[in-house]
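Chemist: Here it is: the structure, laid out below.
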Amino acid sequence: MMIVMKPGATPQQVENVISYVIDLGLTPHLEQGVENVFIGLLGQNYSIPVETLEALEGVQQVTRISQAFKLASRQFQSEDSVFPLAGYNVGGNDIILIAGPCAVESRSQIIETAQAVREAGANALRGGVFKPRTSPYAFQGLGEQGLEFLAEAGQATGMPVVAEIVSETQLEVMLKYVDVLQIGARNMQNFYLLSAVGQVRTPVLLKRGPAATIEEFLMSAEYILTGGNRHVILCERGIRTFETTTRNTTDINAIPALKALSHLPVILDPSHSTGLSEYVPAVARAAIAAGADGLIIEVHPDPPRALSDGRQSLTPEQFAELMHQIRAIAEAMSRKIARVGHNLSDGW
Ligand code: PEP
Ligand code: MN
């Protein structure tokens, strides 16, 4: 349920509504709009008549949020969520372009990649250090040393850094180094991990599980939002279908669907959704045309020698070429690729 306070409702009136709903066993979530205060009500006690709440002083309107997800819903917040990251906005008109290797493999590899993608126009750097691999014999990532290299590469190029967290026990170390916490597809329904990242205020890039419905995906976002962390980026990364030509099937429908159902920014990962570098540019272009707020793309200086996901990684040259195309499509959509507030010549 959602209470909209009248414009000019007094703090005392807001306070009275809040204590009233707490007494009913509901949890209020306050949102200050341009003119009105909004109070989202979460909890089991959904039987309270709307009229009872509407009779409280200062209340303009009370509506029921029909969807299972509440805080993530557009019914709760009609305007797009926009939040700052490294001097630009995630969501809104800006497009976030996260690029980098699947995994941080060495200091020189991540620094070289960071410089190349930054030069091409990327505005955030990715690099996994705790890799969720299908095989226990595959490269598992460099751990904390990888975080040091990643943070150094981010600082040298002025880009915020994104890395995946696979367990809540890594939260402390991750927060020392990263600007955005990635929750991988395999962990989309790791509810303890979702709750843990809900407790911090670092933005979270939440990937859709390979077999998750859009509603399940948004329910996972809800776990983070109810903890108080409102900076959630939704990432479509392909789903499992009967098709085997590509690694996954890009659910391009998910982009307009998520944008319609939720106010959260939505991005696409064409690297994991296709699994093949030759298809990445086409699908990346389609995502921006479909209204995505950004992309996360794997780039490796030497894909055939990558320790993970080389087959789907672009070379820096291929990425630079794609950036030209993305810029043109963004412009056609009246959007722009966000720029990090750092002059290349200042850094290196
Ligand atoms: C990754 O980003 O490298 C990754 C493991 O992605 P996903 O969780 O989407 O498979
Ligand atoms: Mn990968």
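In the structure tokens, chains take letters A, B, ... by order of appearance, with residues numbered from 1 within each chain and ligands from 1 in the order shown.
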Which chains and residue numbers are within 9 Å of ligand 1, counting only C-alpha atoms and all ligand atoms, if I want them as a PyMOL selection string?

Modeler: chain A and resi 101-103+126-128+131-133+163-164+182-188+206-210+235-238+269+271-273+296-298+308-309

Chemist: Tell me, as a PyMOL selection string, which residues lie within 12 Å of Met159 of chain A, counting only C-alpha atoms; anything in the same chain fewer than 6 positions away does not count.

Modeler: chain A and resi 85-88+96-100+111+114-115+117-119+121-126+150-153+178-180+338-344+347

Chemist: Could you save those same residues with N, CA, C and O atoms as a short mmCIF file (atom, residue, chain, number, x, y, z; two decimals), in the first residue's frame?

Modeler:
```
data_model
loop_
_atom_site.label_atom_id
_atom_site.label_comp_id
_atom_site.auth_asym_id
_atom_site.auth_seq_id
_atom_site.Cartn_x
_atom_site.Cartn_y
_atom_site.Cartn_z
N LEU A 85 27.07 8.27 -9.67
CA LEU A 85 28.21 7.36 -9.60
C LEU A 85 29.37 8.06 -10.31
O LEU A 85 29.25 8.38 -11.50
N ALA A 86 30.43 8.32 -9.59
CA ALA A 86 31.66 8.90 -10.17
C ALA A 86 31.38 10.13 -11.04
O ALA A 86 31.94 10.27 -12.12
N GLY A 87 30.50 10.99 -10.58
CA GLY A 87 30.30 12.26 -11.28
C GLY A 87 29.29 12.20 -12.42
O GLY A 87 29.10 13.19 -13.12
N TYR A 88 28.66 11.06 -12.64
CA TYR A 88 27.58 11.01 -13.62
C TYR A 88 26.39 10.28 -13.00
O TYR A 88 26.46 9.86 -11.84
N ILE A 96 25.19 4.12 -18.91
CA ILE A 96 26.39 3.60 -18.26
C ILE A 96 26.98 2.51 -19.15
O ILE A 96 26.27 1.64 -19.65
N LEU A 97 28.28 2.58 -19.38
CA LEU A 97 28.98 1.63 -20.23
C LEU A 97 30.09 0.98 -19.42
O LEU A 97 31.16 1.55 -19.26
N ILE A 98 29.82 -0.21 -18.90
CA ILE A 98 30.79 -0.90 -18.05
C ILE A 98 31.54 -1.89 -18.93
O ILE A 98 30.91 -2.71 -19.62
N ALA A 99 32.86 -1.81 -18.93
CA ALA A 99 33.62 -2.74 -19.77
C ALA A 99 34.85 -3.22 -19.01
O ALA A 99 35.32 -2.57 -18.09
N GLY A 100 35.33 -4.38 -19.42
CA GLY A 100 36.51 -4.95 -18.78
C GLY A 100 36.49 -6.45 -18.91
O GLY A 100 35.54 -7.03 -19.43
N ILE A 111 45.15 -3.20 -16.03
CA ILE A 111 45.49 -1.79 -16.32
C ILE A 111 45.44 -1.53 -17.82
O ILE A 111 44.86 -0.54 -18.28
N ALA A 114 41.82 -1.45 -18.83
CA ALA A 114 41.16 -0.23 -18.33
C ALA A 114 41.49 0.96 -19.22
O ALA A 114 40.62 1.73 -19.61
N GLN A 115 42.76 1.10 -19.55
CA GLN A 115 43.17 2.24 -20.39
C GLN A 115 42.49 2.17 -21.75
O GLN A 115 42.00 3.17 -22.26
N VAL A 117 39.63 0.61 -22.67
CA VAL A 117 38.17 0.83 -22.68
C VAL A 117 37.83 2.26 -22.30
O VAL A 117 36.87 2.84 -22.81
N ARG A 118 38.66 2.84 -21.43
CA ARG A 118 38.44 4.24 -21.06
C ARG A 118 38.64 5.12 -22.28
O ARG A 118 37.84 6.03 -22.54
N GLU A 119 39.69 4.86 -23.02
CA GLU A 119 39.97 5.63 -24.23
C GLU A 119 38.83 5.51 -25.24
O GLU A 119 38.50 6.46 -25.94
N GLY A 121 35.77 5.17 -24.45
CA GLY A 121 34.58 5.87 -23.96
C GLY A 121 33.80 5.13 -22.89
O GLY A 121 32.71 5.57 -22.51
N ALA A 122 34.34 4.03 -22.35
CA ALA A 122 33.65 3.35 -21.24
C ALA A 122 33.67 4.28 -20.02
O ALA A 122 34.57 5.12 -19.89
N ASN A 123 32.69 4.11 -19.15
CA ASN A 123 32.67 4.96 -17.96
C ASN A 123 32.70 4.17 -16.65
O ASN A 123 32.54 4.73 -15.57
N ALA A 124 32.89 2.86 -16.73
CA ALA A 124 33.08 2.04 -15.53
C ALA A 124 33.85 0.79 -15.94
O ALA A 124 33.78 0.36 -17.10
N LEU A 125 34.59 0.26 -14.98
CA LEU A 125 35.46 -0.89 -15.26
C LEU A 125 34.96 -2.12 -14.51
O LEU A 125 34.67 -2.04 -13.33
N ARG A 126 34.86 -3.24 -15.22
CA ARG A 126 34.48 -4.48 -14.57
C ARG A 126 35.69 -5.41 -14.48
O ARG A 126 36.65 -5.28 -15.25
N LEU A 150 42.36 -4.16 -9.50
CA LEU A 150 41.17 -3.55 -10.11
C LEU A 150 41.02 -2.10 -9.63
O LEU A 150 40.80 -1.19 -10.44
N ALA A 151 41.15 -1.91 -8.32
CA ALA A 151 41.01 -0.55 -7.76
C ALA A 151 42.10 0.36 -8.32
O ALA A 151 41.84 1.53 -8.65
N GLU A 152 43.31 -0.17 -8.46
CA GLU A 152 44.41 0.64 -9.01
C GLU A 152 44.10 1.04 -10.45
O GLU A 152 44.27 2.20 -10.84
N ALA A 153 43.59 0.10 -11.22
CA ALA A 153 43.26 0.38 -12.63
C ALA A 153 42.12 1.40 -12.71
O ALA A 153 42.11 2.29 -13.57
N VAL A 178 35.57 -1.67 -4.10
CA VAL A 178 34.67 -1.51 -5.27
C VAL A 178 33.65 -0.39 -5.11
O VAL A 178 33.28 -0.01 -4.01
N ASP A 179 33.21 0.13 -6.24
CA ASP A 179 32.19 1.18 -6.27
C ASP A 179 30.81 0.60 -6.52
O ASP A 179 29.80 1.21 -6.19
N VAL A 180 30.76 -0.57 -7.17
CA VAL A 180 29.48 -1.24 -7.44
C VAL A 180 29.67 -2.73 -7.14
O VAL A 180 30.63 -3.35 -7.62
N ALA A 338 27.36 8.45 -20.57
CA ALA A 338 27.89 9.25 -19.46
C ALA A 338 29.42 9.32 -19.56
O ALA A 338 30.06 8.37 -20.04
N ARG A 339 29.95 10.43 -19.12
CA ARG A 339 31.42 10.58 -19.14
C ARG A 339 31.92 10.68 -17.71
O ARG A 339 31.33 11.39 -16.89
N VAL A 340 33.00 9.97 -17.42
CA VAL A 340 33.57 10.09 -16.09
C VAL A 340 34.24 11.46 -15.98
O VAL A 340 34.80 11.95 -16.96
N GLY A 341 34.15 12.05 -14.82
CA GLY A 341 34.67 13.41 -14.64
C GLY A 341 36.17 13.43 -14.45
O GLY A 341 36.69 13.91 -13.46
N HIS A 342 36.87 12.89 -15.41
CA HIS A 342 38.32 12.76 -15.28
C HIS A 342 38.92 12.94 -16.66
O HIS A 342 38.49 12.29 -17.61
N ASN A 343 39.87 13.83 -16.75
CA ASN A 343 40.49 14.07 -18.04
C ASN A 343 41.61 13.04 -18.28
O ASN A 343 42.49 12.88 -17.45
N LEU A 344 41.53 12.36 -19.40
CA LEU A 344 42.51 11.32 -19.73
C LEU A 344 43.95 11.79 -19.52
O LEU A 344 44.76 11.09 -18.95
N GLY A 347 45.51 11.73 -15.91
CA GLY A 347 45.78 10.49 -15.17
C GLY A 347 47.04 9.77 -15.63
O GLY A 347 47.86 9.39 -14.80
#
```

Chemist: As a ChimeraX atom specification, which residues of segment 16-246 of chain A does DSSP assign to helix (DSSP H, G or I)?

Modeler: /A:16-23,50-54,107-120,144-157,168-177,185-187,191-198,214-226

Chemist: Create the file for the chosen residues now, containing C-alpha atoms and written as a PDB file, in the first residue's frame.

Modeler:
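After the write, again_10.pdb holds the following:
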```
ATOM      1  CA  ASN A  16       1.393  10.745  13.081  1.00  0.00           C
ATOM      2  CA  VAL A  17       0.751   8.606   9.987  1.00  0.00           C
ATOM      3  CA  ILE A  18       4.012   6.743  10.552  1.00  0.00           C
ATOM      4  CA  SER A  19       3.265   5.895  14.182  1.00  0.00           C
ATOM      5  CA  TYR A  20      -0.284   4.896  13.217  1.00  0.00           C
ATOM      6  CA  VAL A  21       0.911   2.359  10.622  1.00  0.00           C
ATOM      7  CA  ILE A  22       3.699   1.041  12.863  1.00  0.00           C
ATOM      8  CA  ASP A  23       1.028   0.327  15.496  1.00  0.00           C
ATOM      9  CA  VAL A  50      -7.978   2.352   2.514  1.00  0.00           C
ATOM     10  CA  GLU A  51     -10.608   4.804   3.856  1.00  0.00           C
ATOM     11  CA  THR A  52      -9.236   4.524   7.395  1.00  0.00           C
ATOM     12  CA  LEU A  53      -5.830   5.679   6.237  1.00  0.00           C
ATOM     13  CA  GLU A  54      -7.287   8.316   3.930  1.00  0.00           C
ATOM     14  CA  ARG A 107      47.985  -6.171 -12.757  1.00  0.00           C
ATOM     15  CA  SER A 108      49.156  -5.457 -16.293  1.00  0.00           C
ATOM     16  CA  GLN A 109      46.112  -7.142 -17.881  1.00  0.00           C
ATOM     17  CA  ILE A 110      43.581  -5.058 -15.943  1.00  0.00           C
ATOM     18  CA  ILE A 111      45.495  -1.791 -16.316  1.00  0.00           C
ATOM     19  CA  GLU A 112      45.954  -2.313 -20.048  1.00  0.00           C
ATOM     20  CA  THR A 113      42.270  -3.153 -20.493  1.00  0.00           C
ATOM     21  CA  ALA A 114      41.159  -0.232 -18.329  1.00  0.00           C
ATOM     22  CA  GLN A 115      43.170   2.235 -20.388  1.00  0.00           C
ATOM     23  CA  ALA A 116      41.850   0.838 -23.653  1.00  0.00           C
ATOM     24  CA  VAL A 117      38.173   0.825 -22.679  1.00  0.00           C
ATOM     25  CA  ARG A 118      38.436   4.242 -21.064  1.00  0.00           C
ATOM     26  CA  GLU A 119      39.971   5.634 -24.225  1.00  0.00           C
ATOM     27  CA  ALA A 120      37.119   4.128 -26.231  1.00  0.00           C
ATOM     28  CA  GLU A 144      41.829  -9.697  -2.688  1.00  0.00           C
ATOM     29  CA  GLN A 145      44.943  -9.216  -4.780  1.00  0.00           C
ATOM     30  CA  GLY A 146      42.659  -8.925  -7.805  1.00  0.00           C
ATOM     31  CA  LEU A 147      40.653  -6.262  -5.980  1.00  0.00           C
ATOM     32  CA  GLU A 148      43.853  -4.272  -5.405  1.00  0.00           C
ATOM     33  CA  PHE A 149      44.728  -4.438  -9.100  1.00  0.00           C
ATOM     34  CA  LEU A 150      41.172  -3.553 -10.106  1.00  0.00           C
ATOM     35  CA  ALA A 151      41.007  -0.552  -7.764  1.00  0.00           C
ATOM     36  CA  GLU A 152      44.405   0.639  -9.005  1.00  0.00           C
ATOM     37  CA  ALA A 153      43.258   0.383 -12.630  1.00  0.00           C
ATOM     38  CA  GLY A 154      40.061   2.237 -11.762  1.00  0.00           C
ATOM     39  CA  GLN A 155      41.967   5.022 -10.054  1.00  0.00           C
ATOM     40  CA  ALA A 156      44.493   5.336 -12.860  1.00  0.00           C
ATOM     41  CA  THR A 157      41.701   5.790 -15.400  1.00  0.00           C
ATOM     42  CA  GLU A 168      28.311 -12.146   2.351  1.00  0.00           C
ATOM     43  CA  THR A 169      31.589 -13.007   4.087  1.00  0.00           C
ATOM     44  CA  GLN A 170      33.360 -11.008   1.333  1.00  0.00           C
ATOM     45  CA  LEU A 171      31.374  -7.845   1.960  1.00  0.00           C
ATOM     46  CA  GLU A 172      33.956  -6.117   4.138  1.00  0.00           C
ATOM     47  CA  VAL A 173      36.852  -6.671   1.761  1.00  0.00           C
ATOM     48  CA  MET A 174      34.764  -5.810  -1.310  1.00  0.00           C
ATOM     49  CA  LEU A 175      33.646  -2.502   0.190  1.00  0.00           C
ATOM     50  CA  LYS A 176      37.278  -1.465   0.615  1.00  0.00           C
ATOM     51  CA  TYR A 177      37.821  -1.587  -3.141  1.00  0.00           C
ATOM     52  CA  ALA A 185      23.109 -14.747 -12.100  1.00  0.00           C
ATOM     53  CA  ARG A 186      23.789 -17.844  -9.982  1.00  0.00           C
ATOM     54  CA  ASN A 187      23.235 -15.846  -6.805  1.00  0.00           C
ATOM     55  CA  PHE A 191      18.454 -14.201  -0.285  1.00  0.00           C
ATOM     56  CA  TYR A 192      21.001 -13.886   2.545  1.00  0.00           C
ATOM     57  CA  LEU A 193      23.485 -12.294   0.165  1.00  0.00           C
ATOM     58  CA  LEU A 194      20.769  -9.967  -1.177  1.00  0.00           C
ATOM     59  CA  SER A 195      19.835  -8.904   2.351  1.00  0.00           C
ATOM     60  CA  ALA A 196      23.498  -8.328   3.208  1.00  0.00           C
ATOM     61  CA  VAL A 197      24.047  -5.952   0.272  1.00  0.00           C
ATOM     62  CA  GLY A 198      20.747  -4.274   1.176  1.00  0.00           C
ATOM     63  CA  ILE A 214      10.870 -11.145 -14.459  1.00  0.00           C
ATOM     64  CA  GLU A 215       8.738 -11.189 -11.329  1.00  0.00           C
ATOM     65  CA  GLU A 216      11.273 -13.370  -9.482  1.00  0.00           C
ATOM     66  CA  PHE A 217      14.017 -11.000 -10.632  1.00  0.00           C
ATOM     67  CA  LEU A 218      12.150  -7.999  -9.238  1.00  0.00           C
ATOM     68  CA  MET A 219      11.450  -9.859  -5.987  1.00  0.00           C
ATOM     69  CA  SER A 220      15.208 -10.280  -5.616  1.00  0.00           C
ATOM     70  CA  ALA A 221      15.669  -6.542  -6.133  1.00  0.00           C
ATOM     71  CA  GLU A 222      13.019  -6.081  -3.455  1.00  0.00           C
ATOM     72  CA  TYR A 223      15.233  -7.915  -0.928  1.00  0.00           C
ATOM     73  CA  ILE A 224      17.959  -5.313  -1.484  1.00  0.00           C
ATOM     74  CA  LEU A 225      15.583  -2.349  -1.462  1.00  0.00           C
ATOM     75  CA  THR A 226      13.860  -3.356   1.782  1.00  0.00           C
TER      76      THR A 226
END
```

Chemist: Name the residues in contact with Thr10 of chain A at a cut-off of 12 Å, using only C-alpha atoms, excluding same-chain residues fewer than 3 positions from it; report them as JSON, numbers by chain.

Modeler: {"A": [5, 6, 7, 13, 14, 15, 16, 17, 36, 37, 57, 58, 59]}

Chemist: Which is closest to Val4 of chain A among A:Met333, A:Leu142, A:Leu258, A:Leu41, if we use only C-alpha atoms?

Modeler: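 Counting only C-alpha atoms, the residue closest to Val4 of chain A is A:Leu41.
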
Chemist: If I take atom CA of Arg240 of chain A and atom CA of Ala211 of chain A, how far is one from the other in Å, to one decimal?

Modeler: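 Atom CA of Arg240 of chain A sits 6.0 Å away from atom CA of Ala211 of chain A.
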
Chemist: Interatomic distance between atom CA of Ala284 of chain A and atom CA of Val104 of chain A?

Modeler: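 Going from atom CA of Ala284 of chain A over to atom CA of Val104 of chain A covers 22.6 Å.
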
Chemist: Which distance in Å separates atom CA of Ile39 of chain A and atom CA of Ile3 of chain A, to one decimal?

Modeler: 5.0 Å

Chemist: Per DSSP on the backbone, what are the strand (DSSP E) residues of segment 11-180 of chain A, as a VMD selection string?

Modeler: chain A and resid 27 to 32 37 to 42 59 to 63 83 to 85 88 to 90 94 to 100 124 to 126 161 to 164 180

Chemist: Find the residue from A:Thr244, A:Asn93, A:Thr249, A:Thr202 that sits nearest to Arg335 of chain A; use only C-alpha atoms when measuring.

Modeler: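 Using only C-alpha atoms, the shortest distance to Arg335 of chain A belongs to A:Asn93.
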
Chemist: For Leu261 of chain A, which of A:Asp80, A:Glu278, A:Asp293, A:Glu105 is the closest residue, counting only C-alpha atoms?

Modeler: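 The answer is A:Asp80, which sits nearest to Leu261 of chain A.
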
Chemist: Between A:Arg311, A:Lys70, A:His300, A:Lys259, which residue has the minimum interatomic distance to Gly43 of chain A, considering only C-alpha atoms?

Modeler: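 Using only C-alpha atoms, Gly43 of chain A sits closest to A:Lys70.
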
Chemist: Calculated over only C-alpha atoms, which of the candidates A:Gly143, A:Pro281, A:Pro84, A:Pro28 has the smallest distance to Ala320 of chain A?

Modeler: A:Pro281

Chemist: Can you work out which one of A:Asn190, A:Thr274, A:Asn229, A:Gln12 has the shortest atom-to-atom distance to Glu243 of chain A, counting only C-alpha atoms?

Modeler: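 Among the listed residues, the smallest separation from Glu243 of chain A belongs to A:Thr274.
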